[in-house]
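Chemist: Take this structure, written in C-alpha cells, and hold onto it; I'll ask about it next.
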Amino acid sequence: AAPSAPAAQAAPSRAPCQPAVFVAVDRSPEIQEARLKLPILAEEQVIMEAINENPIVIICGETGSGKTTQVPQFLYEAGYASSGGAIGITEPRRVAAVSMSQRVAKEMNLSHRVVSYQIRYEGNVTDETRIKFMTDGVLLKEIQKDFLLSKYKVIIIDEAHERSMYTDILIGLLSRIVPLRQKKGLPLKLIIMSATLRVEDFTDNTRLFSVKPPVIQVDARQFPVTVHFNKKTPLDDYSGECFRKVCKIHRMLPAGGILVFLTGQAEVHSLCRRLRKAFPYQKNNTAGGEGDKEDSVEEIRKFKKSRKRRKVLALPKIDLNNYSVVPVDEGDEDRDIDSDDDAAGSDLDLDLGDGDSEEDEKSDSSLPLYVLPLYSLLAPEKQEKVFRAPPPGTRLCVVATNVAETSLTIPGIKYVVDCGKVKQRFYDRITGVSSFRVTWISQASANQRAGRAGRTEPGHCYRLYSSAVFMDFEKFSAPEITKRPVEDLILQMKALNIEKVINFPFPTPPPTEALAAAEELLIALGALKEPPVTGRLKQQLAAKLSCPISALGRVMATFPVAPRYAKMLALSRQHNCLPYSITIVSAMTVRELFEELDRPAVSEEEAAQLKGKRARFLQMQKVWAGQGPMQKLGDLMVMLGAVGACEYAGCTPRFCQESGLRHKAMLEVRRLRGQLTTAVNSVCTDAGLYVDPKMKPPTEAQVTYLRQIVLAGLGDHVARRVQAEELLDDKWKNAYKTALLEDPVFIHPSSVLFRELPEFVVYQEIVETTKLYMKGVSAVEPEWIPALLPPYCHFGKPLEDPPPSYCPGTGRVRCHRPSVFYRVGWQLPAVEV
Ligand code: ADP
Ligand code: MG
C-alpha cells in the first residue's frame with residue numbers, strides 16, 4: 001500500500017466521521033496533467049465536504065467528466081481506505097469494472113493487488129485490496145454473506161442512470177444498511193453516481209431516503225453541439241444511411257473524430273468493413289494493424305491460410321468414446337491462429353467484400369479512415385485502442401453500440417452519427433418469452449449520444465431520423481426492473497430474509513404481476529415455503545407474496561445462476577451427476593455457445609464458406625448428441641458434448657473456429673464451471689468435487705438422471721406435442737402446447753430434436769421470431785412428471801379452466817395457469833405409487 005503522509009493542502013472542515021489520515025498518491029506527470037483537465041477535479045473540495053458531512057451523496061456529471069476514475073481516488077487520498085477499510089465501486093457492465101480498475105490502478109501508480117476488480121467469472125482481489133471495482137451482482141452476493149458490508153467504508157454505485165436491475169435493488173438495500181451501520185457506530189458512506197439524467201427517482205423518493213441526499217452537479221465543459229435531423233426517416237436501412245453519412249462527413253468536413261451509434265455487434269462489423277474498403281488505411285507499421293480488424297474475419301482468413309498450407313481439409317478424427325473430437329495434427333498450428341504477426345489484411349476485404357456496388361464505395365483522394373469497432377463483448381485490450389490517438393494522417397472513426405453512450409468516453413470526437421435505435425431484449429413479464437427487438441431510443445439517450453460530440457470542441461450530431469420522430473420518443477427509457485422476469489432477484493432478496501418483497505423500497509417497483517409470477521415459480525421449485533391455504537382469497541394472495549425461503553432455497557441462492565438452474569444443481573448430488581449438470585447449467589447460463597451460421601452472407605464466397613461450416617456443424621452436432629438413449633437429452637446433450645470435445649481439444653481458438661463454437665463463450669463456460677464447482681463444494685463440504693475439464697462422457701444411466709434433473713428444474717417449461725386428433729388447423733402442425741401460452745410453439749430448427757418431435761419436452765427458453773420457438777430442448781418421459789413436479793399436477797378432476805386473457809403488451813393471448821398438465825392436455829398415465 002502507499003505510504004501515508006500528512007495532507008499537503010488545507011484539510012476541509014472535519015465532520016466526526018471523517019477519517020483522520022490522508023494518503024499520498026504518487027502519480028506520473030502525464031497522468032497528473034491529464035487529470036487536471038477533468039472537470040471533476042475542480043469539484044474535489046465540494047465533493048469531499050459533502051461526503052464527509054452526509055451519509056448519502058449523489059454526484060451527477062456529464063459522461064467523461066471523471067466520476068468513475070477520480071472519485072475513488074479522492075476517497076483514497078482522504079483516508080477512506082486506510083486502517084483496513086475498503087472502497088467498493090459497482091458497475092452494471094463487466095467491461096467497465098475491469099477496464100476502470102485497470103485505469104485507476106495505472107493513474108494511481110498502484111498494483112492490481114490494491115486496486116482490483118471482481119466480476120462473476122473472475123477477479124484479482126487480494127488481502128491488500130483497498131479499491132474494488134465489481135459488477136452490481138457481485139456486491140449483492142456479498143450482502144448475502146455480510147449484510148452490513150463491514151469491510152467497506154464507502155460504497156459507490158456507479159452508472160445509476162442505467163437503472164440496471166441490480167443497481168436498483170442495491171440502492172434499495174443500501175438505503176437500509178447505511179442507517180444500520182450508523183447505529184453501530186461504524187458509518188458507511190453511500191455515493192450514487194449518475195450521468196446527467198433523471199435522478200428524481202432517487203432523490204424524491206421518501207420510501208427510499210427519509211432525508212433528501214445532496215446532489216452535486218459536476219459541470220462539464222460541454223461545447224455546443226449542432227443537431228442535424230434527417231428530413232425523412234429511413235425505414236430499415238439505417239446501416240446504409242450511416243455509411244453514406246460517414247462518407248460525406250469524411251469527404252467534406254474538417255478534421256475531427258467520428259462516432260457512429262449502431263445497435264449490434266454484427267452491424268458494427270459490417271459497417272467497419274464497408275468503411276475500411278471505401279477509405280483504406282494501409283498500415284506500414286504492424287503496431288495498430290492487428291486488433292482493429294474484426295475477430296471473425298481475421299480468424300476465418302487465418303483459418304483458410306492454415307488450411308491452404310496443409311493442403312488438406314482439416315476434418316477431425318471422430319472418437320466416440322472421447323466426446324468425438326481429436327484435432328488431426330496438433331503442434332504449433334494452434335499458435336498460428338493466436339499469433340498476431342500477420343501482414344495487413346488487404347486481401348481480407350476482397351475475401352469478404354460485401355458486393356455492394358454503390359458509387360460511394362470507391363474513394364477518391366480522401367484521407368484514410370482509421371476505423372475501430374467498439375462493443376461490450378470486445379476484448380478490453382481492443383477497447384483500449386479508442387483511447388489512443390489515431391495514426392498521423394488519418395481520421396478516427398469509431399463504430400459503436402450503446403456502450404459509447406455513457407460507459408466509455410472516446411477522446412477527440414467531433415461528429416456523432418446516431419441511427420436512433422437500440423437493440424434490447426424484451427420479456428413477457430409472466431411467461432418469460434423473450435425476443436430481441438430493435439427499437440427507438442429515448443430522448444434522454446439521443447441527447448446523451450449527441451453530447452459525445454462536444455467534449456473537446458464544438459461538434460455536430462447527425463440524427464438519421466426526423467425531428468417529428470424524435471418528438472415521439474419516450475422521454476426516458478424504463479428501468480430494467482420493470483421490464484424482465486424477477487425470479488432471480490426475488491430469490492436473492494428472500495435469502496436476505498426480505499419476505500415482504502412488495503414492501504421493499506425499490507427506486508421503481510416492478511409490476512405486481514411480475515412479482516407474483518416470480519413467487520409462484522419459486523414456490524413450485526421448492527425454494528419458498530408454501531403458505532397455508534387459510535382465510536379469504538385476498539389473504540391467501542397476500543400470504544403468497546410474502547413466503548419465507550426454504551432450506552432448499554438457501555442452497556439455491558448460493559449458486560450464481562438463475563433459480564431454475566440452481567434447482568438442477570441442488571438435485572445433482574446423486575449418481576455422480578454434478579460435473580455434468582454443472583457443465584450443462586454453465587452452458588445454458590453463458591448462452592449462444594454456437595456461432596450464428598444462418599446469418600446472411602455479404603458475398604458469394606462467404607456464403608459458400610458458411611454453407612461449408614453449416615454442413616460441418618450439423619455433423620458435429622449429431623456426434624455430440626450421442627446415440628440411443630443419450631439423444632433424448634437433446635440440445636443439452638449437444639452442449640455437454642460440445643464443451644467436452646472443446647476441452648478435450650484444449651479449448652483452442654482453432655478448434656472452436658472449426659467446430660462452429662464461439663471461443664469466448666467456451667472460455668466463459670470453463671470459468672463458470674470452476675466457479676460453480678467451488679460453490680457446490682462450499683455447500684456440501686464432503687462432495688470433494690474438482691473440475692476435470694476432460695470429464696468422461698456420462699453413462700446412459702447418468703443421462704437418464706440428468707433428464708430428470710433438467711425436468712425438475714424446468715418444470716414450468718414443459719410442452720406436449722399436439723396430437724393428430726387435436727389439430728385444429730394448419731398452424732398447429734408439428735406444434736407444441738405449453739402451460740403458459742395459448743399459441744402454438746415449435747421446436748427451433750437448430751435443435752437436434754427438430755425432426756424427432758418427442759411427445760413431451762422441456763425447453764430452456766422460448767424466443768419469438770417469426771414464430772414462437774423453443775430453444776434448448778430435451779425429451780422427457782410423461783411418467784416422471786407427477787413424481788417430480790407435484791405442484792404442477794392435479795390428481796383428480798381437472799380444475800375449471802379460467803378464460804384466457806389478452807395481454808396488451810405482447811398482443812398475445814395468455815392463459816392463467818390452473819394446472820400445467822391439464823393445460824397441456826396430459827392424461828395421467830397409470831402409475832403405481
Ligand atoms: P465518467 O465516469 O464521468 O464518465 P471517467 O472517469 O470514466 O468519466 O473518464 C474520465 C476521462 O478519462 C475520460 O475523458 C476518458 O477519456 C479518460 N479515460 C478513461 N479511461 C481511460 C483509459 N483507459 N485510457 C485513457 N483515458 C481514459
Ligand atoms: Mg463513468
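Ordering of the C-alpha cells sets the chain letters (A, B, ...); residue numbers start at 1 within each chain; ligands are numbered from 1 in the order shown.
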Could you give me, as a list in words, the residues within 10 Å of Tyr121 of chain A, counting only C-alpha atoms and dropping anything in the same chain fewer than 6 positions from it?
Modeler: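 Everything that qualifies: Arg94, Pro560, Leu667, Glu668, Val669, Arg670, Arg671, Leu672, Arg673, Gly674, Gln675 and Leu676 of chain A.
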Chemist: How would the residues just picked look written out with N, CA and C atoms as a JSON list (two decimals), in the first residue's frame?
Modeler:
```json
[["chain", "number", "residue", "atom", "x", "y", "z"],
["A", 94, "ARG", "N", -19.70, -5.59, -17.01],
["A", 94, "ARG", "CA", -18.44, -6.23, -16.65],
["A", 94, "ARG", "C", -17.24, -5.49, -17.21],
["A", 560, "PRO", "N", -24.61, -18.76, -8.34],
["A", 560, "PRO", "CA", -24.81, -17.52, -9.11],
["A", 560, "PRO", "C", -25.46, -17.77, -10.47],
["A", 667, "LEU", "N", -14.72, -20.14, -23.23],
["A", 667, "LEU", "CA", -13.87, -19.75, -22.09],
["A", 667, "LEU", "C", -14.73, -19.38, -20.90],
["A", 668, "GLU", "N", -15.85, -18.73, -21.17],
["A", 668, "GLU", "CA", -16.74, -18.37, -20.07],
["A", 668, "GLU", "C", -17.33, -19.60, -19.41],
["A", 669, "VAL", "N", -17.68, -20.58, -20.24],
["A", 669, "VAL", "CA", -18.22, -21.83, -19.68],
["A", 669, "VAL", "C", -17.17, -22.45, -18.76],
["A", 670, "ARG", "N", -15.94, -22.42, -19.21],
["A", 670, "ARG", "CA", -14.88, -23.01, -18.40],
["A", 670, "ARG", "C", -14.79, -22.32, -17.04],
["A", 671, "ARG", "N", -14.83, -20.98, -17.07],
["A", 671, "ARG", "CA", -14.72, -20.24, -15.82],
["A", 671, "ARG", "C", -15.92, -20.47, -14.92],
["A", 672, "LEU", "N", -17.09, -20.49, -15.54],
["A", 672, "LEU", "CA", -18.29, -20.68, -14.72],
["A", 672, "LEU", "C", -18.31, -22.09, -14.12],
["A", 673, "ARG", "N", -17.81, -23.06, -14.87],
["A", 673, "ARG", "CA", -17.74, -24.41, -14.30],
["A", 673, "ARG", "C", -16.89, -24.41, -13.04],
["A", 674, "GLY", "N", -15.76, -23.72, -13.13],
["A", 674, "GLY", "CA", -14.88, -23.64, -11.96],
["A", 674, "GLY", "C", -15.59, -22.99, -10.80],
["A", 675, "GLN", "N", -16.28, -21.91, -11.11],
["A", 675, "GLN", "CA", -16.94, -21.15, -10.05],
["A", 675, "GLN", "C", -18.07, -21.95, -9.41],
["A", 676, "LEU", "N", -18.85, -22.62, -10.24],
["A", 676, "LEU", "CA", -19.96, -23.40, -9.69],
["A", 676, "LEU", "C", -19.45, -24.58, -8.89]]
```
Chemist: Which residues of chain A sit at most 12 Å from ligand 2, using only C-alpha atoms and all ligand atoms? Give each one's shortest atom pair and distance in Å (one decimal place), in chain and ascending residue order, as CSV.
Modeler:
```
residue,atom,partner,partner_atom_place_in_ligand_line,distance
A:Ile40,CA,ligand 2,1 (Mg),11.7
A:Ile59,CA,ligand 2,1 (Mg),11.0
A:Cys60,CA,ligand 2,1 (Mg),10.3
A:Gly61,CA,ligand 2,1 (Mg),9.0
A:Glu62,CA,ligand 2,1 (Mg),9.0
A:Thr63,CA,ligand 2,1 (Mg),6.2
A:Gly64,CA,ligand 2,1 (Mg),6.7
A:Ser65,CA,ligand 2,1 (Mg),8.1
A:Gly66,CA,ligand 2,1 (Mg),6.8
A:Lys67,CA,ligand 2,1 (Mg),5.5
A:Thr68,CA,ligand 2,1 (Mg),4.2
A:Thr69,CA,ligand 2,1 (Mg),7.2
A:Gln70,CA,ligand 2,1 (Mg),9.5
A:Val71,CA,ligand 2,1 (Mg),10.0
A:Pro72,CA,ligand 2,1 (Mg),11.4
A:Ile89,CA,ligand 2,1 (Mg),10.7
A:Thr90,CA,ligand 2,1 (Mg),10.6
A:Glu91,CA,ligand 2,1 (Mg),8.7
A:Pro92,CA,ligand 2,1 (Mg),10.6
A:Arg93,CA,ligand 2,1 (Mg),10.9
A:Val95,CA,ligand 2,1 (Mg),11.8
A:Ala96,CA,ligand 2,1 (Mg),8.2
A:Ala97,CA,ligand 2,1 (Mg),10.1
A:Ser99,CA,ligand 2,1 (Mg),11.0
A:Met100,CA,ligand 2,1 (Mg),8.5
A:Ser101,CA,ligand 2,1 (Mg),11.7
A:Arg103,CA,ligand 2,1 (Mg),11.8
A:Val104,CA,ligand 2,1 (Mg),11.9
A:Phe133,CA,ligand 2,1 (Mg),11.9
A:Ile156,CA,ligand 2,1 (Mg),11.2
A:Ile157,CA,ligand 2,1 (Mg),10.4
A:Asp158,CA,ligand 2,1 (Mg),6.7
A:Glu159,CA,ligand 2,1 (Mg),6.2
A:Ala160,CA,ligand 2,1 (Mg),9.8
A:His161,CA,ligand 2,1 (Mg),10.6
A:Glu162,CA,ligand 2,1 (Mg),11.0
A:Ile192,CA,ligand 2,1 (Mg),11.3
A:Met193,CA,ligand 2,1 (Mg),8.0
A:Ser194,CA,ligand 2,1 (Mg),7.9
A:Ala195,CA,ligand 2,1 (Mg),7.8
A:Thr196,CA,ligand 2,1 (Mg),11.4
A:Val403,CA,ligand 2,1 (Mg),11.2
A:Ala404,CA,ligand 2,1 (Mg),10.9
A:Glu405,CA,ligand 2,1 (Mg),10.6
A:Thr406,CA,ligand 2,1 (Mg),6.9
A:Ser407,CA,ligand 2,1 (Mg),5.6
A:Leu408,CA,ligand 2,1 (Mg),7.0
A:Thr409,CA,ligand 2,1 (Mg),8.4
```
Chemist: Would you mind exporting the chosen residues as a compact mmCIF listing (two decimals), in the first residue's frame, restricted to N, CA and C atoms?
Modeler:
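Contents of part.txt, as written:
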```
# COMPACT_ATOMS: atom_id res chain seq x y z
N ILE A 40 -14.13 17.31 -12.99
CA ILE A 40 -14.46 16.91 -11.63
C ILE A 40 -13.36 17.33 -10.65
N ILE A 59 -23.82 12.19 -6.99
CA ILE A 59 -22.97 13.01 -7.87
C ILE A 59 -23.45 12.83 -9.29
N CYS A 60 -23.81 13.94 -9.92
CA CYS A 60 -24.27 13.90 -11.30
C CYS A 60 -23.24 14.60 -12.16
N GLY A 61 -22.91 14.05 -13.27
CA GLY A 61 -21.97 14.74 -14.13
C GLY A 61 -22.00 14.14 -15.51
N GLU A 62 -21.76 14.97 -16.47
CA GLU A 62 -21.72 14.55 -17.86
C GLU A 62 -20.74 13.39 -17.99
N THR A 63 -21.07 12.45 -18.85
CA THR A 63 -20.18 11.33 -19.12
C THR A 63 -18.81 11.85 -19.57
N GLY A 64 -17.76 11.32 -18.99
CA GLY A 64 -16.43 11.77 -19.35
C GLY A 64 -15.90 12.86 -18.44
N SER A 65 -16.71 13.28 -17.45
CA SER A 65 -16.22 14.35 -16.58
C SER A 65 -15.25 13.81 -15.52
N GLY A 66 -15.16 12.50 -15.36
CA GLY A 66 -14.16 11.93 -14.47
C GLY A 66 -14.71 11.28 -13.21
N LYS A 67 -16.01 11.04 -13.15
CA LYS A 67 -16.60 10.46 -11.95
C LYS A 67 -15.98 9.11 -11.61
N THR A 68 -16.04 8.19 -12.55
CA THR A 68 -15.63 6.83 -12.26
C THR A 68 -14.15 6.73 -11.90
N THR A 69 -13.33 7.44 -12.64
CA THR A 69 -11.90 7.30 -12.39
C THR A 69 -11.42 8.15 -11.21
N GLN A 70 -12.06 9.28 -10.94
CA GLN A 70 -11.49 10.20 -9.94
C GLN A 70 -12.08 10.06 -8.53
N VAL A 71 -13.39 9.88 -8.42
CA VAL A 71 -13.98 9.86 -7.08
C VAL A 71 -13.34 8.80 -6.17
N PRO A 72 -13.09 7.58 -6.68
CA PRO A 72 -12.40 6.62 -5.80
C PRO A 72 -11.03 7.13 -5.34
N ILE A 89 -16.80 -0.12 -5.58
CA ILE A 89 -17.50 0.58 -6.66
C ILE A 89 -18.22 -0.45 -7.51
N THR A 90 -19.51 -0.26 -7.73
CA THR A 90 -20.22 -1.22 -8.57
C THR A 90 -20.49 -0.62 -9.94
N GLU A 91 -20.41 -1.49 -10.94
CA GLU A 91 -20.68 -1.11 -12.32
C GLU A 91 -21.71 -2.07 -12.87
N PRO A 92 -22.63 -1.59 -13.68
CA PRO A 92 -23.58 -2.54 -14.27
C PRO A 92 -22.96 -3.40 -15.37
N ARG A 93 -21.85 -2.97 -15.95
CA ARG A 93 -21.25 -3.76 -17.02
C ARG A 93 -19.91 -4.32 -16.59
N VAL A 95 -17.33 -5.07 -18.49
CA VAL A 95 -16.19 -4.40 -19.10
C VAL A 95 -15.78 -3.16 -18.33
N ALA A 96 -16.78 -2.44 -17.84
CA ALA A 96 -16.45 -1.21 -17.12
C ALA A 96 -15.71 -1.56 -15.83
N ALA A 97 -16.14 -2.60 -15.12
CA ALA A 97 -15.47 -2.97 -13.87
C ALA A 97 -14.00 -3.30 -14.13
N SER A 99 -12.06 -2.57 -16.93
CA SER A 99 -11.20 -1.54 -17.52
C SER A 99 -11.02 -0.36 -16.57
N MET A 100 -12.03 -0.04 -15.78
CA MET A 100 -11.87 1.09 -14.86
C MET A 100 -10.89 0.74 -13.73
N SER A 101 -10.89 -0.51 -13.27
CA SER A 101 -9.92 -0.86 -12.22
C SER A 101 -8.51 -0.75 -12.77
N ARG A 103 -7.55 1.22 -15.23
CA ARG A 103 -7.23 2.63 -15.45
C ARG A 103 -6.88 3.31 -14.12
N VAL A 104 -7.66 3.06 -13.09
CA VAL A 104 -7.41 3.73 -11.81
C VAL A 104 -6.08 3.25 -11.20
N PHE A 133 -13.41 -2.59 -7.75
CA PHE A 133 -14.46 -2.42 -8.76
C PHE A 133 -15.14 -3.76 -8.94
N ILE A 156 -19.73 2.94 -3.69
CA ILE A 156 -20.11 3.84 -4.77
C ILE A 156 -20.94 3.04 -5.76
N ILE A 157 -22.14 3.50 -6.03
CA ILE A 157 -22.97 2.87 -7.06
C ILE A 157 -22.82 3.73 -8.31
N ASP A 158 -22.11 3.17 -9.29
CA ASP A 158 -21.80 3.97 -10.48
C ASP A 158 -22.83 3.69 -11.57
N GLU A 159 -22.94 4.63 -12.50
CA GLU A 159 -23.84 4.48 -13.65
C GLU A 159 -25.27 4.19 -13.21
N ALA A 160 -25.69 4.88 -12.16
CA ALA A 160 -27.03 4.61 -11.64
C ALA A 160 -28.11 4.97 -12.65
N HIS A 161 -27.80 5.88 -13.57
CA HIS A 161 -28.81 6.25 -14.57
C HIS A 161 -29.18 5.08 -15.47
N GLU A 162 -28.29 4.07 -15.56
CA GLU A 162 -28.62 2.94 -16.42
C GLU A 162 -29.77 2.13 -15.86
N ILE A 192 -23.91 7.75 -4.89
CA ILE A 192 -24.59 7.31 -6.11
C ILE A 192 -24.14 8.23 -7.23
N MET A 193 -23.59 7.65 -8.28
CA MET A 193 -23.09 8.48 -9.39
C MET A 193 -23.92 8.22 -10.64
N SER A 194 -24.20 9.29 -11.33
CA SER A 194 -25.09 9.15 -12.48
C SER A 194 -24.72 10.17 -13.54
N ALA A 195 -24.96 9.83 -14.79
CA ALA A 195 -24.86 10.83 -15.85
C ALA A 195 -25.99 11.82 -15.61
N THR A 196 -25.97 12.92 -16.30
CA THR A 196 -26.98 13.94 -16.02
C THR A 196 -28.32 13.54 -16.59
N VAL A 403 -22.58 1.04 -25.77
CA VAL A 403 -21.55 1.23 -24.72
C VAL A 403 -20.95 2.61 -24.76
N ALA A 404 -20.87 3.20 -25.97
CA ALA A 404 -20.23 4.52 -26.06
C ALA A 404 -21.16 5.62 -25.58
N GLU A 405 -22.40 5.26 -25.25
CA GLU A 405 -23.34 6.29 -24.84
C GLU A 405 -22.97 6.87 -23.47
N THR A 406 -22.71 6.01 -22.50
CA THR A 406 -22.29 6.55 -21.20
C THR A 406 -21.10 5.83 -20.58
N SER A 407 -20.91 4.54 -20.86
CA SER A 407 -19.88 3.81 -20.11
C SER A 407 -18.47 4.25 -20.44
N LEU A 408 -18.20 4.50 -21.71
CA LEU A 408 -16.84 4.83 -22.12
C LEU A 408 -16.84 6.16 -22.86
N THR A 409 -15.81 6.94 -22.66
CA THR A 409 -15.71 8.24 -23.34
C THR A 409 -14.53 8.22 -24.29
```
Chemist: In Å, rounded to a single decimal, give me how far atom CA of Lys414 of chain A is from atom CA of Ala453 of chain A.
Modeler: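 Between atom CA of Ala453 of chain A and atom CA of Lys414 of chain A the gap works out to 4.6 Å.
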Chemist: Find, counting only C-alpha atoms, the residue in A:Glu142, A:Pro458, A:Val218, A:Thr126 that gets nearest to Glu44 of chain A.
Modeler: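 Going through A:Glu142, A:Pro458, A:Val218, A:Thr126 one by one, the smallest distance to Glu44 of chain A is for A:Val218.
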Chemist: Taking only C-alpha atoms and all ligand atoms into account, which of A:Val57, A:Val154, A:Ile502, A:Ala220 comes nearest ligand 1?
Modeler: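 Of all the options, A:Ala220 lies closest to ligand 1.
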Chemist: Between A:His575, A:His460, A:Lys132, A:Arg455, which is the closest to ligand 1 once you count only C-alpha atoms and all ligand atoms?
Modeler: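 The closest residue to ligand 1 is A:Arg455.
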Chemist: Considering only helix (DSSP H, G or I) as DSSP defines it on the backbone, what residues of segment 65-249 of chain A qualify? List them as a ChimeraX atom specification.
Modeler: /A:67-77,94-108,136-145,160-162,165-183,200-203,238-249
Chemist: Find, counting only C-alpha atoms, the residue in A:Leu367, A:Val21, A:Pro392, A:Gly172 that gets nearest to Asn205 of chain A.
Modeler: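 Of the candidates, the smallest distance to Asn205 of chain A is held by A:Gly172.
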